[in-house]
$ cat data_33.cif   # mmCIF, N, CA and C atoms
data_start
loop_
_atom_site.label_atom_id
_atom_site.label_comp_id
_atom_site.auth_asym_id
_atom_site.auth_seq_id
_atom_site.Cartn_x
_atom_site.Cartn_y
_atom_site.Cartn_z
N MET A 1 28.99 44.15 -24.30
CA MET A 1 29.77 43.77 -25.45
C MET A 1 29.66 42.27 -25.72
N GLU A 2 28.65 41.63 -25.19
CA GLU A 2 28.48 40.20 -25.39
C GLU A 2 28.15 39.84 -26.82
N ASN A 3 27.41 40.69 -27.50
CA ASN A 3 26.91 40.36 -28.84
C ASN A 3 27.53 41.21 -29.93
N PHE A 4 28.68 41.81 -29.69
CA PHE A 4 29.31 42.68 -30.69
C PHE A 4 29.78 41.86 -31.88
N THR A 5 29.38 42.29 -33.05
CA THR A 5 29.87 41.68 -34.28
C THR A 5 30.36 42.81 -35.18
N PRO A 6 31.64 42.79 -35.54
CA PRO A 6 32.20 43.90 -36.32
C PRO A 6 31.53 44.09 -37.68
N VAL A 7 31.08 43.01 -38.30
CA VAL A 7 30.47 43.13 -39.62
C VAL A 7 29.15 43.90 -39.53
N SER A 8 28.29 43.54 -38.58
CA SER A 8 27.02 44.25 -38.46
C SER A 8 27.24 45.70 -38.03
N ALA A 9 28.26 45.94 -37.19
CA ALA A 9 28.57 47.31 -36.79
C ALA A 9 29.04 48.12 -37.99
N LEU A 10 29.86 47.52 -38.83
CA LEU A 10 30.34 48.21 -40.04
C LEU A 10 29.17 48.52 -40.98
N ILE A 11 28.32 47.54 -41.19
CA ILE A 11 27.16 47.75 -42.07
C ILE A 11 26.26 48.86 -41.50
N GLY A 12 26.00 48.82 -40.19
CA GLY A 12 25.19 49.86 -39.57
C GLY A 12 25.81 51.23 -39.72
N GLY A 13 27.12 51.33 -39.50
CA GLY A 13 27.81 52.61 -39.65
C GLY A 13 27.75 53.15 -41.07
N VAL A 14 27.92 52.26 -42.03
CA VAL A 14 27.84 52.68 -43.44
C VAL A 14 26.43 53.16 -43.77
N LEU A 15 25.42 52.44 -43.28
CA LEU A 15 24.03 52.85 -43.54
C LEU A 15 23.71 54.20 -42.90
N ILE A 16 24.18 54.41 -41.67
CA ILE A 16 23.95 55.70 -41.01
C ILE A 16 24.65 56.82 -41.78
N GLY A 17 25.90 56.60 -42.14
CA GLY A 17 26.63 57.62 -42.89
C GLY A 17 26.02 57.90 -44.25
N ALA A 18 25.60 56.84 -44.95
CA ALA A 18 24.98 57.02 -46.26
C ALA A 18 23.65 57.76 -46.13
N SER A 19 22.88 57.43 -45.10
CA SER A 19 21.60 58.11 -44.88
C SER A 19 21.80 59.59 -44.60
N ALA A 20 22.79 59.89 -43.75
CA ALA A 20 23.07 61.29 -43.43
C ALA A 20 23.54 62.04 -44.67
N ALA A 21 24.38 61.40 -45.49
CA ALA A 21 24.87 62.04 -46.71
C ALA A 21 23.73 62.25 -47.71
N LEU A 22 22.84 61.26 -47.84
CA LEU A 22 21.72 61.41 -48.76
C LEU A 22 20.77 62.53 -48.33
N LEU A 23 20.50 62.61 -47.03
CA LEU A 23 19.63 63.68 -46.55
C LEU A 23 20.25 65.04 -46.83
N MET A 24 21.55 65.15 -46.65
CA MET A 24 22.23 66.43 -46.93
C MET A 24 22.20 66.74 -48.43
N LEU A 25 22.48 65.74 -49.25
CA LEU A 25 22.52 65.96 -50.70
C LEU A 25 21.14 66.26 -51.28
N MET A 26 20.13 65.52 -50.81
CA MET A 26 18.81 65.64 -51.42
C MET A 26 17.94 66.72 -50.79
N ASN A 27 18.21 67.02 -49.51
CA ASN A 27 17.32 67.95 -48.81
C ASN A 27 18.06 69.15 -48.22
N GLY A 28 19.38 69.09 -48.23
CA GLY A 28 20.17 70.18 -47.67
C GLY A 28 20.07 70.26 -46.15
N ARG A 29 19.70 69.17 -45.50
CA ARG A 29 19.50 69.15 -44.05
C ARG A 29 20.43 68.16 -43.38
N LEU A 30 20.78 68.48 -42.14
CA LEU A 30 21.57 67.56 -41.33
C LEU A 30 20.65 66.52 -40.70
N ALA A 31 21.18 65.32 -40.52
CA ALA A 31 20.39 64.23 -39.93
C ALA A 31 20.54 64.24 -38.42
N GLY A 32 20.23 65.35 -37.80
CA GLY A 32 20.22 65.44 -36.34
C GLY A 32 18.83 65.09 -35.84
N VAL A 33 18.72 63.96 -35.17
CA VAL A 33 17.40 63.46 -34.80
C VAL A 33 16.67 64.41 -33.86
N SER A 34 17.37 65.03 -32.92
CA SER A 34 16.67 65.95 -32.00
C SER A 34 16.08 67.13 -32.76
N SER A 35 16.77 67.64 -33.75
CA SER A 35 16.23 68.75 -34.56
C SER A 35 15.08 68.28 -35.44
N ILE A 36 15.18 67.06 -35.93
CA ILE A 36 14.11 66.52 -36.77
C ILE A 36 12.84 66.34 -35.93
N VAL A 37 12.99 65.79 -34.72
CA VAL A 37 11.83 65.63 -33.83
C VAL A 37 11.26 66.99 -33.46
N ALA A 38 12.13 67.95 -33.17
CA ALA A 38 11.66 69.29 -32.79
C ALA A 38 10.87 69.94 -33.93
N GLY A 39 11.17 69.58 -35.18
CA GLY A 39 10.45 70.14 -36.32
C GLY A 39 9.13 69.45 -36.61
N VAL A 40 8.89 68.31 -35.97
CA VAL A 40 7.63 67.60 -36.17
C VAL A 40 6.61 68.02 -35.13
N VAL A 41 7.06 68.24 -33.91
CA VAL A 41 6.16 68.57 -32.80
C VAL A 41 6.54 69.92 -32.23
N PRO A 42 5.84 70.99 -32.40
CA PRO A 42 4.75 71.18 -33.36
C PRO A 42 5.33 71.44 -34.75
N PRO A 43 4.66 71.01 -35.78
CA PRO A 43 5.22 71.18 -37.13
C PRO A 43 5.25 72.63 -37.57
N GLY A 44 6.33 73.00 -38.27
CA GLY A 44 6.44 74.35 -38.80
C GLY A 44 5.61 74.51 -40.06
N SER A 45 5.72 73.56 -40.96
CA SER A 45 4.94 73.56 -42.18
C SER A 45 4.64 72.11 -42.53
N VAL A 46 3.66 71.92 -43.37
CA VAL A 46 3.28 70.55 -43.75
C VAL A 46 4.42 69.87 -44.48
N GLU A 47 5.11 70.60 -45.36
CA GLU A 47 6.22 70.02 -46.12
C GLU A 47 7.36 69.61 -45.18
N GLN A 48 7.70 70.49 -44.24
CA GLN A 48 8.75 70.18 -43.28
C GLN A 48 8.37 68.99 -42.40
N ALA A 49 7.14 68.98 -41.93
CA ALA A 49 6.68 67.89 -41.07
C ALA A 49 6.64 66.57 -41.84
N ALA A 50 6.34 66.62 -43.14
CA ALA A 50 6.22 65.39 -43.93
C ALA A 50 7.56 64.66 -44.02
N TRP A 51 8.62 65.33 -44.44
CA TRP A 51 9.89 64.61 -44.58
C TRP A 51 10.44 64.22 -43.22
N ARG A 52 10.21 65.05 -42.23
CA ARG A 52 10.67 64.72 -40.88
C ARG A 52 9.93 63.50 -40.33
N GLY A 53 8.62 63.47 -40.55
CA GLY A 53 7.83 62.32 -40.11
C GLY A 53 8.26 61.04 -40.82
N LEU A 54 8.53 61.14 -42.12
CA LEU A 54 9.00 59.98 -42.87
C LEU A 54 10.37 59.51 -42.37
N PHE A 55 11.24 60.45 -42.07
CA PHE A 55 12.56 60.10 -41.53
C PHE A 55 12.40 59.33 -40.22
N LEU A 56 11.58 59.83 -39.31
CA LEU A 56 11.36 59.17 -38.02
C LEU A 56 10.66 57.83 -38.21
N ALA A 57 9.71 57.75 -39.13
CA ALA A 57 9.05 56.48 -39.41
C ALA A 57 10.06 55.46 -39.94
N GLY A 58 11.01 55.93 -40.72
CA GLY A 58 12.07 55.03 -41.23
C GLY A 58 12.93 54.48 -40.11
N LEU A 59 13.20 55.28 -39.10
CA LEU A 59 13.96 54.78 -37.95
C LEU A 59 13.22 53.66 -37.24
N VAL A 60 11.93 53.87 -37.03
CA VAL A 60 11.11 52.86 -36.36
C VAL A 60 10.96 51.63 -37.26
N ALA A 61 10.70 51.84 -38.54
CA ALA A 61 10.51 50.73 -39.47
C ALA A 61 11.78 49.88 -39.57
N GLY A 62 12.94 50.53 -39.58
CA GLY A 62 14.19 49.78 -39.64
C GLY A 62 14.36 48.86 -38.45
N ALA A 63 14.03 49.37 -37.27
CA ALA A 63 14.12 48.55 -36.06
C ALA A 63 13.12 47.41 -36.10
N LEU A 64 11.90 47.68 -36.56
CA LEU A 64 10.88 46.63 -36.66
C LEU A 64 11.26 45.56 -37.68
N ILE A 65 11.80 45.97 -38.80
CA ILE A 65 12.24 45.01 -39.82
C ILE A 65 13.36 44.13 -39.27
N HIS A 66 14.30 44.74 -38.59
CA HIS A 66 15.38 43.95 -38.00
C HIS A 66 14.83 42.95 -37.00
N ARG A 67 13.92 43.41 -36.17
CA ARG A 67 13.35 42.56 -35.11
C ARG A 67 12.52 41.41 -35.67
N THR A 68 11.77 41.65 -36.74
CA THR A 68 10.88 40.62 -37.26
C THR A 68 11.51 39.76 -38.36
N VAL A 69 12.43 40.33 -39.15
CA VAL A 69 12.97 39.59 -40.29
C VAL A 69 14.39 39.07 -40.03
N ILE A 70 15.26 39.93 -39.56
CA ILE A 70 16.66 39.57 -39.44
C ILE A 70 16.96 38.79 -38.18
N ASP A 71 16.41 39.20 -37.05
CA ASP A 71 16.73 38.54 -35.78
C ASP A 71 15.47 38.39 -34.91
N PRO A 72 14.50 37.57 -35.37
CA PRO A 72 13.23 37.49 -34.64
C PRO A 72 13.33 36.83 -33.26
N GLY A 73 14.35 36.06 -33.01
CA GLY A 73 14.46 35.37 -31.72
C GLY A 73 15.21 36.14 -30.66
N ALA A 74 15.68 37.34 -30.98
CA ALA A 74 16.48 38.11 -30.02
C ALA A 74 15.63 38.57 -28.85
N SER A 75 16.20 38.47 -27.67
CA SER A 75 15.49 38.97 -26.50
C SER A 75 16.05 40.33 -26.13
N ILE A 76 15.19 41.20 -25.69
CA ILE A 76 15.59 42.54 -25.29
C ILE A 76 15.34 42.66 -23.79
N THR A 77 16.38 42.97 -23.06
CA THR A 77 16.26 43.12 -21.61
C THR A 77 16.71 44.51 -21.21
N ILE A 78 15.88 45.20 -20.47
CA ILE A 78 16.24 46.52 -19.95
C ILE A 78 16.36 46.36 -18.44
N ALA A 79 17.58 46.49 -17.94
CA ALA A 79 17.84 46.23 -16.53
C ALA A 79 17.57 47.44 -15.63
N ALA A 80 17.56 48.61 -16.20
CA ALA A 80 17.38 49.82 -15.39
C ALA A 80 15.92 49.98 -14.98
N PRO A 81 15.68 50.51 -13.79
CA PRO A 81 14.30 50.76 -13.37
C PRO A 81 13.69 51.92 -14.16
N LEU A 82 12.36 51.92 -14.26
CA LEU A 82 11.65 52.94 -15.03
C LEU A 82 11.98 54.37 -14.61
N PRO A 83 12.06 54.70 -13.31
CA PRO A 83 12.42 56.09 -12.95
C PRO A 83 13.79 56.50 -13.50
N ALA A 84 14.75 55.59 -13.49
CA ALA A 84 16.08 55.91 -14.03
C ALA A 84 16.00 56.17 -15.53
N LEU A 85 15.19 55.38 -16.24
CA LEU A 85 15.02 55.59 -17.68
C LEU A 85 14.37 56.94 -17.97
N LEU A 86 13.36 57.28 -17.19
CA LEU A 86 12.68 58.57 -17.39
C LEU A 86 13.60 59.75 -17.10
N ILE A 87 14.35 59.67 -16.01
CA ILE A 87 15.29 60.74 -15.66
C ILE A 87 16.39 60.83 -16.73
N GLY A 88 16.89 59.68 -17.17
CA GLY A 88 17.92 59.67 -18.21
C GLY A 88 17.42 60.29 -19.50
N GLY A 89 16.19 59.94 -19.90
CA GLY A 89 15.61 60.52 -21.11
C GLY A 89 15.43 62.02 -21.00
N LEU A 90 15.00 62.47 -19.84
CA LEU A 90 14.83 63.90 -19.61
C LEU A 90 16.19 64.62 -19.69
N LEU A 91 17.21 64.05 -19.07
CA LEU A 91 18.54 64.66 -19.11
C LEU A 91 19.11 64.69 -20.52
N VAL A 92 18.86 63.66 -21.30
CA VAL A 92 19.31 63.66 -22.69
C VAL A 92 18.62 64.77 -23.47
N GLY A 93 17.31 64.91 -23.26
CA GLY A 93 16.57 65.98 -23.93
C GLY A 93 17.09 67.36 -23.57
N VAL A 94 17.35 67.58 -22.28
CA VAL A 94 17.89 68.86 -21.83
C VAL A 94 19.28 69.08 -22.43
N GLY A 95 20.08 68.02 -22.45
CA GLY A 95 21.44 68.13 -22.99
C GLY A 95 21.45 68.46 -24.47
N THR A 96 20.49 67.92 -25.23
CA THR A 96 20.46 68.24 -26.66
C THR A 96 20.09 69.71 -26.89
N ARG A 97 19.27 70.27 -26.01
CA ARG A 97 18.93 71.69 -26.14
C ARG A 97 20.11 72.56 -25.75
N ILE A 98 20.78 72.21 -24.65
CA ILE A 98 21.94 73.00 -24.20
C ILE A 98 23.08 72.92 -25.22
N GLY A 99 23.31 71.71 -25.75
CA GLY A 99 24.40 71.51 -26.70
C GLY A 99 24.05 71.83 -28.13
N ALA A 100 22.85 72.33 -28.37
CA ALA A 100 22.39 72.69 -29.70
C ALA A 100 22.50 71.53 -30.68
N GLY A 101 22.14 70.33 -30.21
CA GLY A 101 22.15 69.17 -31.09
C GLY A 101 22.39 67.89 -30.32
N CYS A 102 22.26 66.79 -31.02
CA CYS A 102 22.37 65.47 -30.40
C CYS A 102 23.56 64.71 -30.97
N THR A 103 23.67 63.46 -30.56
CA THR A 103 24.80 62.64 -31.01
C THR A 103 24.81 62.46 -32.51
N SER A 104 23.65 62.31 -33.11
CA SER A 104 23.63 62.13 -34.56
C SER A 104 23.98 63.43 -35.28
N GLY A 105 23.48 64.54 -34.79
CA GLY A 105 23.77 65.82 -35.43
C GLY A 105 25.23 66.22 -35.29
N HIS A 106 25.75 66.14 -34.07
CA HIS A 106 27.15 66.53 -33.85
C HIS A 106 28.11 65.40 -34.20
N GLY A 107 27.82 64.19 -33.70
CA GLY A 107 28.76 63.07 -33.86
C GLY A 107 28.87 62.53 -35.26
N VAL A 108 27.78 62.48 -35.99
CA VAL A 108 27.82 61.95 -37.35
C VAL A 108 27.99 63.08 -38.36
N CYS A 109 27.06 64.02 -38.35
CA CYS A 109 27.06 65.06 -39.37
C CYS A 109 28.09 66.15 -39.11
N GLY A 110 28.15 66.62 -37.86
CA GLY A 110 29.08 67.71 -37.54
C GLY A 110 30.54 67.31 -37.70
N LEU A 111 30.89 66.12 -37.22
CA LEU A 111 32.29 65.68 -37.37
C LEU A 111 32.64 65.45 -38.84
N ALA A 112 31.69 64.96 -39.62
CA ALA A 112 31.94 64.75 -41.05
C ALA A 112 32.20 66.08 -41.77
N ARG A 113 31.62 67.16 -41.23
CA ARG A 113 31.84 68.49 -41.82
C ARG A 113 33.00 69.22 -41.17
N LEU A 114 33.73 68.53 -40.28
CA LEU A 114 34.89 69.08 -39.57
C LEU A 114 34.54 70.30 -38.73
N SER A 115 33.38 70.26 -38.10
CA SER A 115 32.93 71.37 -37.27
C SER A 115 33.61 71.33 -35.90
N PRO A 116 34.35 72.39 -35.53
CA PRO A 116 34.98 72.42 -34.21
C PRO A 116 33.97 72.34 -33.07
N ARG A 117 32.83 73.00 -33.24
CA ARG A 117 31.78 72.95 -32.22
C ARG A 117 31.28 71.53 -32.02
N SER A 118 31.13 70.79 -33.10
CA SER A 118 30.68 69.40 -33.01
C SER A 118 31.74 68.51 -32.38
N LEU A 119 33.01 68.80 -32.63
CA LEU A 119 34.08 68.03 -32.00
C LEU A 119 34.03 68.22 -30.48
N VAL A 120 33.89 69.46 -30.04
CA VAL A 120 33.80 69.73 -28.60
C VAL A 120 32.56 69.07 -28.00
N ALA A 121 31.42 69.18 -28.69
CA ALA A 121 30.18 68.57 -28.20
C ALA A 121 30.31 67.06 -28.11
N THR A 122 30.87 66.44 -29.14
CA THR A 122 31.02 64.98 -29.16
C THR A 122 31.97 64.52 -28.06
N LEU A 123 33.09 65.19 -27.91
CA LEU A 123 34.02 64.82 -26.83
C LEU A 123 33.36 65.00 -25.46
N THR A 124 32.56 66.03 -25.32
CA THR A 124 31.88 66.28 -24.05
C THR A 124 30.87 65.19 -23.74
N PHE A 125 29.98 64.87 -24.69
CA PHE A 125 28.98 63.86 -24.34
C PHE A 125 29.56 62.47 -24.23
N MET A 126 30.65 62.18 -24.92
CA MET A 126 31.31 60.87 -24.75
C MET A 126 31.97 60.79 -23.37
N ALA A 127 32.63 61.86 -22.94
CA ALA A 127 33.27 61.86 -21.62
C ALA A 127 32.24 61.76 -20.51
N VAL A 128 31.15 62.51 -20.63
CA VAL A 128 30.10 62.45 -19.61
C VAL A 128 29.46 61.07 -19.59
N ALA A 129 29.22 60.48 -20.75
CA ALA A 129 28.64 59.13 -20.81
C ALA A 129 29.54 58.12 -20.11
N MET A 130 30.84 58.19 -20.35
CA MET A 130 31.78 57.27 -19.70
C MET A 130 31.78 57.46 -18.18
N LEU A 131 31.76 58.71 -17.74
CA LEU A 131 31.72 58.98 -16.30
C LEU A 131 30.43 58.47 -15.65
N VAL A 132 29.31 58.65 -16.33
CA VAL A 132 28.03 58.19 -15.78
C VAL A 132 27.99 56.67 -15.70
N VAL A 133 28.45 55.99 -16.74
CA VAL A 133 28.48 54.53 -16.71
C VAL A 133 29.39 54.04 -15.59
N PHE A 134 30.55 54.65 -15.46
CA PHE A 134 31.45 54.26 -14.37
C PHE A 134 30.80 54.48 -13.02
N ALA A 135 30.18 55.65 -12.84
CA ALA A 135 29.57 55.97 -11.55
C ALA A 135 28.42 55.02 -11.23
N VAL A 136 27.58 54.73 -12.22
CA VAL A 136 26.43 53.86 -11.97
C VAL A 136 26.87 52.43 -11.70
N ARG A 137 27.81 51.93 -12.48
CA ARG A 137 28.20 50.53 -12.35
C ARG A 137 29.19 50.26 -11.21
N HIS A 138 30.10 51.18 -10.97
CA HIS A 138 31.17 50.90 -10.01
C HIS A 138 31.05 51.66 -8.69
N VAL A 139 30.44 52.82 -8.71
CA VAL A 139 30.32 53.61 -7.49
C VAL A 139 28.97 53.31 -6.81
N ALA A 140 27.89 53.36 -7.62
CA ALA A 140 26.55 53.15 -7.06
C ALA A 140 26.13 51.69 -7.01
N GLY A 141 26.92 50.81 -7.55
CA GLY A 141 26.60 49.39 -7.50
C GLY A 141 25.85 48.85 -8.68
N GLY A 142 25.50 49.69 -9.62
CA GLY A 142 24.85 49.25 -10.87
C GLY A 142 23.45 48.73 -10.67
N TRP A 143 22.88 48.26 -11.81
CA TRP A 143 21.54 47.67 -11.77
C TRP A 143 21.65 46.22 -12.01
#
$ encode --input "data_33.cif" --output "structure tokens"
Amino acid sequence: MENFTPVSALIGGVLIGASAALLMLMNGRLAGVSSIVAGVVPPGSVEQAAWRGLFLAGLVAGALIHRTVIDPGASITIAAPLPALLIGGLLVGVGTRIGAGCTSGHGVCGLARLSPRSLVATLTFMAVAMLVVFAVRHVAGGW
């Protein structure tokens, strides 16, 4: 929480919400990133893969634009060792399949639609995330 700025957080939240709303209005689809990725590899149809690929490219482009234009001097430090990152990524992938969606699908889109399933999923992954952070930092000694 060293670099938290409420204005940038608010702008980011508005952009995420607006993007999710636009995707729903224009394409009738939820902005669940795990489902979007699953539809690209392997692609179901060229049309489906095209909008999904553009959506994912937009995520990467937004990060690159921020890094090069808005905050070019920012340093990025990843303190966790590579095996922990790989295991964490694998567990997130498994969790999105078990939970039938990811944080963006359930937390942003599902809660906005007042989905009880998304509320349970969001509360579950938030509680597990808090427990894991506590365990890694305070029980295991952290990185």
$ closest_residue --input "data_33.cif" --among "A:Gly32, A:Gly39, A:Gly53, A:Gly17" --to "Ser104 of chain A" --atoms "only N, CA and C atoms"
A:Gly32
$ atom_distance --input "data_33.cif" --atom1 "atom N of Phe125 of chain A" --atom2 "atom N of His106 of chain A"
10.4 Å
$ residues_around --input "data_33.cif" --residues "segment 107-122 of chain A" --least-positions-apart "2" --cutoff "8 Å" --atoms "only N, CA and C atoms" --output "PyMOL selection string"
chain A and resi 16-17+20-21+30-32+99+101-105+124-128
$ select_by_dssp --input "data_33.cif" --residues "chain A" --states "alpha helix (DSSP H)" --output "PyMOL selection string"
chain A and resi 6-27+33-40+46-65+82-98+111-112+116-134
$ atom_distance --input "data_33.cif" --atom1 "atom C of Asn27 of chain A" --atom2 "atom N of Gly93 of chain A"
25.3 Å
$ atom_distance --input "data_33.cif" --atom1 "atom CA of Leu56 of chain A" --atom2 "atom N of Ile36 of chain A"
9.0 Å
